[in-house]
$ cat run.cif   # mmCIF, C-alpha atoms
data_data
loop_
_atom_site.label_atom_id
_atom_site.label_comp_id
_atom_site.auth_asym_id
_atom_site.auth_seq_id
_atom_site.Cartn_x
_atom_site.Cartn_y
_atom_site.Cartn_z
CA MET R 212 -33.68 -3.65 3.07
CA ALA R 213 -31.33 -4.54 0.27
CA GLU R 214 -33.09 -5.71 -2.87
CA MET R 215 -31.05 -8.35 -4.62
CA THR R 216 -31.89 -10.32 -7.72
CA ILE R 217 -29.00 -12.57 -8.66
CA ASN R 218 -29.38 -15.65 -10.81
CA LYS R 219 -27.63 -18.35 -8.79
CA LYS R 220 -27.09 -20.70 -11.76
CA ARG R 221 -24.71 -18.62 -13.81
CA PRO R 222 -21.92 -20.43 -15.67
CA VAL R 223 -18.65 -20.26 -13.78
CA ASN R 224 -15.13 -20.57 -15.14
CA LEU R 225 -12.47 -20.20 -12.50
CA ASP R 226 -9.75 -22.16 -14.30
CA LEU R 227 -6.83 -19.72 -14.12
CA THR R 228 -4.95 -21.57 -16.89
CA THR R 229 -7.69 -20.91 -19.48
CA ILE R 230 -8.52 -17.34 -18.48
CA ARG R 231 -6.81 -14.68 -20.56
CA LEU R 232 -6.37 -11.67 -18.32
CA PRO R 233 -6.63 -8.30 -20.06
CA LEU R 234 -4.05 -5.68 -19.03
CA SER R 235 -6.49 -4.01 -16.62
CA ALA R 236 -6.94 -7.35 -14.81
CA LYS R 237 -3.17 -7.69 -14.52
CA VAL R 238 -2.98 -4.19 -13.02
CA SER R 239 -5.70 -5.21 -10.58
CA ILE R 240 -4.21 -8.51 -9.40
CA LEU R 241 -0.73 -6.96 -9.15
CA HIS R 242 -2.29 -4.21 -7.00
CA ARG R 243 -3.39 -6.93 -4.60
CA VAL R 244 -0.09 -8.84 -4.81
CA SER R 245 1.99 -5.69 -4.23
CA GLY R 246 -0.24 -4.68 -1.32
CA ALA R 247 0.05 -8.10 0.30
CA GLY R 248 3.83 -8.09 -0.21
CA LEU R 249 4.18 -4.69 1.41
CA PHE R 250 2.02 -5.85 4.33
CA ILE R 251 4.22 -8.91 4.89
CA CYS R 252 7.36 -6.75 4.77
CA LEU R 253 6.03 -4.07 7.17
CA PRO R 254 8.08 -5.35 10.15
CA LEU R 255 11.24 -5.31 7.99
CA LEU R 256 10.48 -1.79 6.76
CA LEU R 257 9.78 -0.50 10.28
CA TRP R 258 12.97 -2.12 11.54
CA LEU R 259 14.98 -0.55 8.71
CA PHE R 260 13.39 2.84 9.37
CA GLY R 261 14.06 2.59 13.11
CA ALA R 262 17.67 1.45 12.65
CA SER R 263 18.33 4.26 10.17
CA LEU R 264 17.30 6.81 12.80
CA THR R 265 18.82 5.26 15.95
CA SER R 266 22.53 6.08 15.77
CA ALA R 267 25.34 6.83 13.36
CA ASP R 268 26.58 3.26 13.93
CA SER R 269 23.27 1.54 13.07
CA PHE R 270 22.96 3.90 10.07
CA ALA R 271 26.39 2.78 8.85
CA VAL R 272 25.48 -0.89 9.37
CA LEU R 273 22.33 -0.37 7.26
CA GLN R 274 24.34 1.29 4.51
CA SER R 275 26.65 -1.72 4.31
CA VAL R 276 23.72 -4.19 4.48
CA ALA R 277 21.91 -2.31 1.70
CA ALA R 278 25.03 -2.58 -0.46
CA SER R 279 24.75 -6.39 -0.70
CA LEU R 280 23.09 -7.81 -3.80
CA PRO R 281 20.33 -9.95 -2.17
CA VAL R 282 19.18 -6.96 -0.08
CA LYS R 283 19.28 -4.75 -3.17
CA VAL R 284 17.00 -7.21 -4.97
CA ILE R 285 14.53 -7.36 -2.06
CA LEU R 286 14.47 -3.56 -1.83
CA ALA R 287 13.94 -3.32 -5.60
CA GLY R 288 10.92 -5.61 -5.18
CA LEU R 289 9.52 -3.45 -2.38
CA ILE R 290 10.12 -0.26 -4.36
CA TRP R 291 8.31 -1.83 -7.33
CA ALA R 292 5.43 -2.88 -5.04
CA TYR R 293 5.07 0.67 -3.72
CA ALA R 294 5.35 2.22 -7.20
CA HIS R 295 2.84 -0.18 -8.74
CA HIS R 296 0.39 0.10 -5.84
CA PHE R 297 0.71 3.90 -6.03
CA CYS R 298 0.15 4.17 -9.81
CA ALA R 299 -2.63 1.57 -9.94
CA GLY R 300 -4.22 3.27 -6.92
CA ILE R 301 -4.37 6.60 -8.78
CA ARG R 302 -6.03 4.77 -11.70
CA PHE R 303 -8.64 3.22 -9.38
CA LEU R 304 -9.37 6.58 -7.73
CA LEU R 305 -9.94 8.11 -11.18
CA LEU R 306 -12.21 5.19 -12.14
CA ASP R 307 -14.14 5.81 -8.91
CA LEU R 308 -14.63 9.38 -10.10
CA HIS R 309 -15.87 7.98 -13.45
CA VAL R 310 -12.79 9.31 -15.24
CA GLY R 311 -11.68 7.05 -18.10
CA ILE R 312 -14.26 4.31 -17.63
CA GLU R 313 -14.77 3.77 -21.37
CA LYS R 314 -13.16 0.55 -22.65
CA GLU R 315 -10.50 2.25 -24.75
CA ALA R 316 -9.53 4.83 -22.11
CA ALA R 317 -9.40 2.12 -19.40
CA ALA R 318 -7.10 -0.01 -21.56
CA LYS R 319 -4.83 2.99 -22.12
CA SER R 320 -4.69 3.86 -18.42
CA SER R 321 -3.75 0.23 -17.55
CA ALA R 322 -0.84 0.48 -19.97
CA ALA R 323 0.02 3.87 -18.45
CA VAL R 324 0.27 2.26 -14.97
CA PHE R 325 3.07 -0.03 -16.21
CA ALA R 326 4.63 2.71 -18.35
CA VAL R 327 4.98 4.88 -15.23
CA SER R 328 5.54 2.35 -12.43
CA ILE R 329 8.40 0.42 -14.06
CA PRO R 330 10.60 3.44 -14.97
CA LEU R 331 9.68 4.97 -11.58
CA THR R 332 10.89 1.79 -9.83
CA LEU R 333 14.19 1.93 -11.71
CA ALA R 334 14.60 5.65 -11.01
CA LEU R 335 13.89 5.26 -7.28
CA TRP R 336 16.09 2.18 -7.02
CA TRP R 337 18.92 3.97 -8.75
CA GLY R 338 18.35 7.14 -6.72
CA ILE R 339 18.17 5.45 -3.32
CA LEU R 340 20.68 2.62 -3.61
CA LEU R 341 23.42 3.83 -5.89
CA MET X 104 -28.59 -4.12 -11.91
CA ILE X 105 -28.57 -4.58 -8.18
CA LYS X 106 -30.45 -1.88 -6.31
CA ARG X 107 -29.53 -1.44 -2.72
CA ILE X 108 -29.32 1.18 -0.04
CA VAL X 109 -25.68 1.90 0.74
CA VAL X 110 -26.17 4.09 3.78
CA GLY X 111 -27.21 2.83 7.19
CA ALA X 112 -25.53 0.28 9.39
CA HIS X 113 -22.38 -1.39 8.08
CA TYR X 114 -22.79 -1.62 4.33
CA GLY X 115 -19.07 -0.97 3.96
CA LEU X 116 -19.33 2.63 2.75
CA LYS X 117 -17.28 3.90 5.70
CA ASP X 118 -14.41 1.50 4.93
CA TRP X 119 -14.65 2.25 1.22
CA ILE X 120 -14.24 5.98 1.92
CA ALA X 121 -11.53 5.40 4.56
CA GLN X 122 -9.53 3.28 2.11
CA ARG X 123 -9.57 6.10 -0.42
CA ALA X 124 -9.04 8.95 2.07
CA THR X 125 -6.00 7.21 3.59
CA ALA X 126 -4.69 6.55 0.06
CA ALA X 127 -4.96 10.27 -0.73
CA ILE X 128 -3.14 11.21 2.50
CA MET X 129 -0.31 8.75 1.75
CA MET X 130 -0.08 10.00 -1.82
CA ILE X 131 0.32 13.62 -0.70
CA TYR X 132 2.88 12.60 1.94
CA SER X 133 4.87 10.57 -0.62
CA LEU X 134 5.05 13.47 -3.04
CA LEU X 135 5.89 15.94 -0.25
CA MET X 136 8.69 13.75 1.13
CA THR X 137 10.09 13.20 -2.37
CA VAL X 138 10.41 16.98 -2.72
CA VAL X 139 11.87 17.37 0.81
CA LEU X 140 14.44 14.61 0.26
CA LEU X 141 15.38 15.99 -3.17
CA ILE X 142 15.98 19.43 -1.60
CA VAL X 143 17.77 18.29 1.58
CA ARG X 144 19.59 15.32 -0.06
CA PRO X 145 20.52 13.75 3.31
CA SER X 146 23.62 11.62 2.79
CA THR X 147 24.85 11.45 6.40
CA PHE X 148 23.18 10.09 9.52
CA GLU X 149 22.91 13.57 11.09
CA ALA X 150 21.17 14.99 8.01
CA TRP X 151 18.80 11.98 7.70
CA GLN X 152 17.89 12.12 11.40
CA GLY X 153 17.49 15.90 11.13
CA VAL X 154 14.77 15.50 8.49
CA PHE X 155 12.57 13.35 10.77
CA ALA X 156 13.43 15.28 13.95
CA ASN X 157 11.61 18.26 12.42
CA GLY X 158 8.29 18.60 14.28
CA VAL X 159 6.12 19.00 11.19
CA ILE X 160 7.73 16.09 9.32
CA LYS X 161 7.56 13.93 12.45
CA PHE X 162 3.83 14.61 12.78
CA LEU X 163 3.17 14.08 9.05
CA THR X 164 5.20 10.85 9.10
CA PHE X 165 3.14 9.53 12.01
CA LEU X 166 -0.05 10.58 10.21
CA PHE X 167 1.23 8.64 7.17
CA CYS X 168 1.87 5.56 9.34
CA VAL X 169 -1.61 5.67 10.87
CA SER X 170 -3.16 6.11 7.40
CA LEU X 171 -1.03 3.26 6.11
CA PHE X 172 -2.07 0.86 8.88
CA TYR X 173 -5.77 1.71 8.53
CA HIS X 174 -5.45 1.28 4.73
CA VAL X 175 -3.63 -2.04 5.27
CA TRP X 176 -6.38 -3.23 7.60
CA ILE X 177 -9.08 -2.72 4.97
CA GLY X 178 -7.01 -4.25 2.18
CA VAL X 179 -5.76 -7.27 4.10
CA ARG X 180 -9.21 -7.90 5.58
CA ASP X 181 -10.58 -7.95 2.01
CA ILE X 182 -7.94 -10.52 1.08
CA TRP X 183 -8.87 -12.78 4.03
CA MET X 184 -12.59 -12.38 3.20
CA ASP X 185 -11.96 -13.33 -0.44
CA TYR X 186 -9.80 -16.41 0.10
CA VAL X 187 -10.37 -17.73 3.63
CA LYS X 188 -13.82 -19.28 3.94
CA ALA X 189 -13.48 -21.10 7.28
CA THR X 190 -14.95 -18.74 9.89
CA GLY X 191 -12.63 -19.68 12.76
CA LEU X 192 -9.46 -19.32 10.68
CA ARG X 193 -10.69 -16.07 9.14
CA LEU X 194 -11.50 -14.63 12.56
CA THR X 195 -8.06 -15.66 13.83
CA LEU X 196 -6.37 -13.98 10.86
CA HIS X 197 -8.44 -10.82 11.38
CA VAL X 198 -7.44 -10.66 15.04
CA LEU X 199 -3.76 -11.29 14.24
CA THR X 200 -3.82 -8.62 11.54
CA VAL X 201 -5.38 -6.00 13.84
CA THR X 202 -3.01 -6.92 16.66
CA ALA X 203 0.03 -6.58 14.39
CA LEU X 204 -1.17 -3.23 13.02
CA VAL X 205 -1.86 -1.78 16.47
CA GLY X 206 1.63 -2.93 17.48
CA TYR X 207 3.17 -1.34 14.38
CA THR X 208 1.44 1.95 15.24
CA ALA X 209 3.09 1.98 18.67
CA TRP X 210 6.40 0.94 17.08
CA ALA X 211 6.22 3.83 14.58
CA ALA X 212 5.43 6.28 17.40
CA ALA X 213 8.38 4.95 19.43
CA ILE X 214 10.78 5.36 16.48
CA LEU X 215 9.64 8.92 15.77
CA TRP X 216 9.37 10.27 19.32
CA ARG X 217 12.82 9.09 20.30
CA LEU X 218 14.20 11.74 17.97
#
$ encode --input "run.cif" --output "structure tokens"
Amino acid sequence: MAEMTINKKRPVNLDLTTIRLPLSAKVSILHRVSGAGLFICLPLLLWLFGASLTSADSFAVLQSVAASLPVKVILAGLIWAYAHHFCAGIRFLLLDLHVGIEKEAAAKSSAAVFAVSIPLTLALWWGILL
Amino acid sequence: MIKRIVVGAHYGLKDWIAQRATAAIMMIYSLLMTVVLLIVRPSTFEAWQGVFANGVIKFLTFLFCVSLFYHVWIGVRDIWMDYVKATGLRLTLHVLTVTALVGYTAWAAAILWRL
């Protein structure tokens, strides 16, 4: 049986306005936010994928739809979500393998997630849409 | 330090591994497809359709979709478990999530095997 000894009367501060999130916490919560966003947009992504493969006509319609600014912004958001989820995911897998779990290394790898995911988003957005 | 036995019936180890295994599969697929698309550079409908009509890519794409939906199930279920405390609502959301993901799997198969 599981042995658990947890003190139930620990002090709790869940006031989000007074909590200062370190960079690694921002990577973590954005991993969840980007994952949730991608989940919500799955029907849209499947529809886009299906339409792109159905016929030359539907492909052409998609190309013109993707050229409009609001759609470009939404797609940029989805590309960012994938890029961030991807980069943060690699960081979490390495942490699972006990790579870079020291405080300093973990802080550096959180910064690396943003340093890679943001340029990657711009590169993919530029590569796919322009 | 909490000492507990992590093997046995439903301690979550299976989901923990599945979440990571599916992540690794999707990562490999993403890198592979980036290389394929950079080589083929499909700019027309025929070229784009040709990429996914390839038997190997079609299979790998479906494998990616299945990995994605399993990965999504674990992640979204964790979100419901963290924020939704009312049992009935949480159960409803779990059922809706699974239903949607099973539907998406069939949808992905239909898209790919029309080609």
$ closest_atom_pairs --input "run.cif" --of "chain X" --to "chain R" --cutoff "8 Å" --atoms "only C-alpha atoms" --output "Markdown table"
| residue | atom | partner | partner_atom | distance |
| --- | --- | --- | --- | --- |
| X:Ile105 | CA | R:Met215 | CA | 5.7 |
| X:Lys106 | CA | R:Glu214 | CA | 5.8 |
| X:Arg107 | CA | R:Ala213 | CA | 4.7 |
| X:Ile108 | CA | R:Ala213 | CA | 6.1 |
| X:Arg123 | CA | R:Leu304 | CA | 7.3 |
| X:Ala126 | CA | R:Gly300 | CA | 7.7 |
| X:Met130 | CA | R:Phe297 | CA | 7.5 |
| X:Phe148 | CA | R:Ala267 | CA | 5.5 |
| X:Glu149 | CA | R:Ala267 | CA | 7.5 |
| X:Trp151 | CA | R:Leu264 | CA | 7.4 |
| X:Gln152 | CA | R:Leu264 | CA | 5.5 |
| X:Val175 | CA | R:Phe250 | CA | 6.9 |
| X:Gly178 | CA | R:Gly246 | CA | 7.6 |
| X:Val179 | CA | R:Ala247 | CA | 7.0 |
| X:Tyr207 | CA | R:Pro254 | CA | 7.6 |
| X:Trp210 | CA | R:Leu257 | CA | 7.7 |
| X:Ala211 | CA | R:Leu257 | CA | 7.1 |
| X:Ile214 | CA | R:Gly261 | CA | 5.5 |
| X:Leu218 | CA | R:Leu264 | CA | 7.8 |
$ resolve_selection --input "run.cif" --expression "the PyMOL selection byres ((chain R and resi 291) around 12)" --output "mmCIF file with C-alpha atoms, keeping the file's coordinate frame"
data_model
loop_
_atom_site.group_PDB
_atom_site.id
_atom_site.type_symbol
_atom_site.label_atom_id
_atom_site.label_comp_id
_atom_site.auth_asym_id
_atom_site.auth_seq_id
_atom_site.Cartn_x
_atom_site.Cartn_y
_atom_site.Cartn_z
ATOM 1 C CA LEU R 241 -0.730 -6.960 -9.150
ATOM 2 C CA HIS R 242 -2.290 -4.210 -7.000
ATOM 3 C CA VAL R 244 -0.090 -8.840 -4.810
ATOM 4 C CA SER R 245 1.990 -5.690 -4.230
ATOM 5 C CA GLY R 246 -0.240 -4.680 -1.320
ATOM 6 C CA GLY R 248 3.830 -8.090 -0.210
ATOM 7 C CA LEU R 249 4.180 -4.690 1.410
ATOM 8 C CA VAL R 284 17.000 -7.210 -4.970
ATOM 9 C CA ILE R 285 14.530 -7.360 -2.060
ATOM 10 C CA LEU R 286 14.470 -3.560 -1.830
ATOM 11 C CA ALA R 287 13.940 -3.320 -5.600
ATOM 12 C CA GLY R 288 10.920 -5.610 -5.180
ATOM 13 C CA LEU R 289 9.520 -3.450 -2.380
ATOM 14 C CA ILE R 290 10.120 -0.260 -4.360
ATOM 15 C CA ALA R 292 5.430 -2.880 -5.040
ATOM 16 C CA TYR R 293 5.070 0.670 -3.720
ATOM 17 C CA ALA R 294 5.350 2.220 -7.200
ATOM 18 C CA HIS R 295 2.840 -0.180 -8.740
ATOM 19 C CA HIS R 296 0.390 0.100 -5.840
ATOM 20 C CA PHE R 297 0.710 3.900 -6.030
ATOM 21 C CA CYS R 298 0.150 4.170 -9.810
ATOM 22 C CA ALA R 299 -2.630 1.570 -9.940
ATOM 23 C CA VAL R 324 0.270 2.260 -14.970
ATOM 24 C CA PHE R 325 3.070 -0.030 -16.210
ATOM 25 C CA VAL R 327 4.980 4.880 -15.230
ATOM 26 C CA SER R 328 5.540 2.350 -12.430
ATOM 27 C CA ILE R 329 8.400 0.420 -14.060
ATOM 28 C CA PRO R 330 10.600 3.440 -14.970
ATOM 29 C CA LEU R 331 9.680 4.970 -11.580
ATOM 30 C CA THR R 332 10.890 1.790 -9.830
ATOM 31 C CA LEU R 333 14.190 1.930 -11.710
ATOM 32 C CA ALA R 334 14.600 5.650 -11.010
ATOM 33 C CA LEU R 335 13.890 5.260 -7.280
ATOM 34 C CA TRP R 336 16.090 2.180 -7.020
#
$ residues_around --input "run.cif" --residues "His197 of chain X" --least-positions-apart "6" --cutoff "9 Å" --atoms "all atoms listed in the file" --output "list in words"
Trp176, Val179, Arg180 and Trp183 of chain X
$ atom_distance --input "run.cif" --atom1 "atom CA of Thr125 of chain X" --atom2 "atom CA of Leu171 of chain X"
6.8 Å
$ atom_distance --input "run.cif" --atom1 "atom CA of Ser321 of chain R" --atom2 "atom CA of Ile230 of chain R"
18.2 Å
$ atom_distance --input "run.cif" --atom1 "atom CA of Met129 of chain X" --atom2 "atom CA of Phe167 of chain X"
5.6 Å
$ resolve_selection --input "run.cif" --expression "the PyMOL selection byres ((chain X and resi 160) around 12)" --output "PDB file with C-alpha atoms, in the coordinates of the input"
ATOM      1  CA  TYR X 132       2.880  12.600   1.940  1.00  0.00           C
ATOM      2  CA  SER X 133       4.870  10.570  -0.620  1.00  0.00           C
ATOM      3  CA  LEU X 135       5.890  15.940  -0.250  1.00  0.00           C
ATOM      4  CA  MET X 136       8.690  13.750   1.130  1.00  0.00           C
ATOM      5  CA  VAL X 139      11.870  17.370   0.810  1.00  0.00           C
ATOM      6  CA  LEU X 140      14.440  14.610   0.260  1.00  0.00           C
ATOM      7  CA  TRP X 151      18.800  11.980   7.700  1.00  0.00           C
ATOM      8  CA  GLN X 152      17.890  12.120  11.400  1.00  0.00           C
ATOM      9  CA  GLY X 153      17.490  15.900  11.130  1.00  0.00           C
ATOM     10  CA  VAL X 154      14.770  15.500   8.490  1.00  0.00           C
ATOM     11  CA  PHE X 155      12.570  13.350  10.770  1.00  0.00           C
ATOM     12  CA  ALA X 156      13.430  15.280  13.950  1.00  0.00           C
ATOM     13  CA  ASN X 157      11.610  18.260  12.420  1.00  0.00           C
ATOM     14  CA  GLY X 158       8.290  18.600  14.280  1.00  0.00           C
ATOM     15  CA  VAL X 159       6.120  19.000  11.190  1.00  0.00           C
ATOM     16  CA  LYS X 161       7.560  13.930  12.450  1.00  0.00           C
ATOM     17  CA  PHE X 162       3.830  14.610  12.780  1.00  0.00           C
ATOM     18  CA  LEU X 163       3.170  14.080   9.050  1.00  0.00           C
ATOM     19  CA  THR X 164       5.200  10.850   9.100  1.00  0.00           C
ATOM     20  CA  PHE X 165       3.140   9.530  12.010  1.00  0.00           C
ATOM     21  CA  LEU X 166      -0.050  10.580  10.210  1.00  0.00           C
ATOM     22  CA  PHE X 167       1.230   8.640   7.170  1.00  0.00           C
ATOM     23  CA  LEU X 215       9.640   8.920  15.770  1.00  0.00           C
ATOM     24  CA  TRP X 216       9.370  10.270  19.320  1.00  0.00           C
ATOM     25  CA  LEU X 218      14.200  11.740  17.970  1.00  0.00           C
TER      26      LEU X 218
END
$ axis_aligned_box --input "run.cif" --around "segment 158-167 of chain X" --padding-each-side "4 Å" --output "JSON"
{"center_x": 4.1, "center_y": 13.8, "center_z": 10.7, "size_x": 16.3, "size_y": 18.4, "size_z": 15.1}
$ residues_around --input "run.cif" --residues "Ala317 of chain R" --least-positions-apart "6" --cutoff "9 Å" --atoms "all atoms listed in the file" --output "list of chain:residue names"
R:Ser235, R:Arg302, R:Leu306, R:Val310, R:Gly311
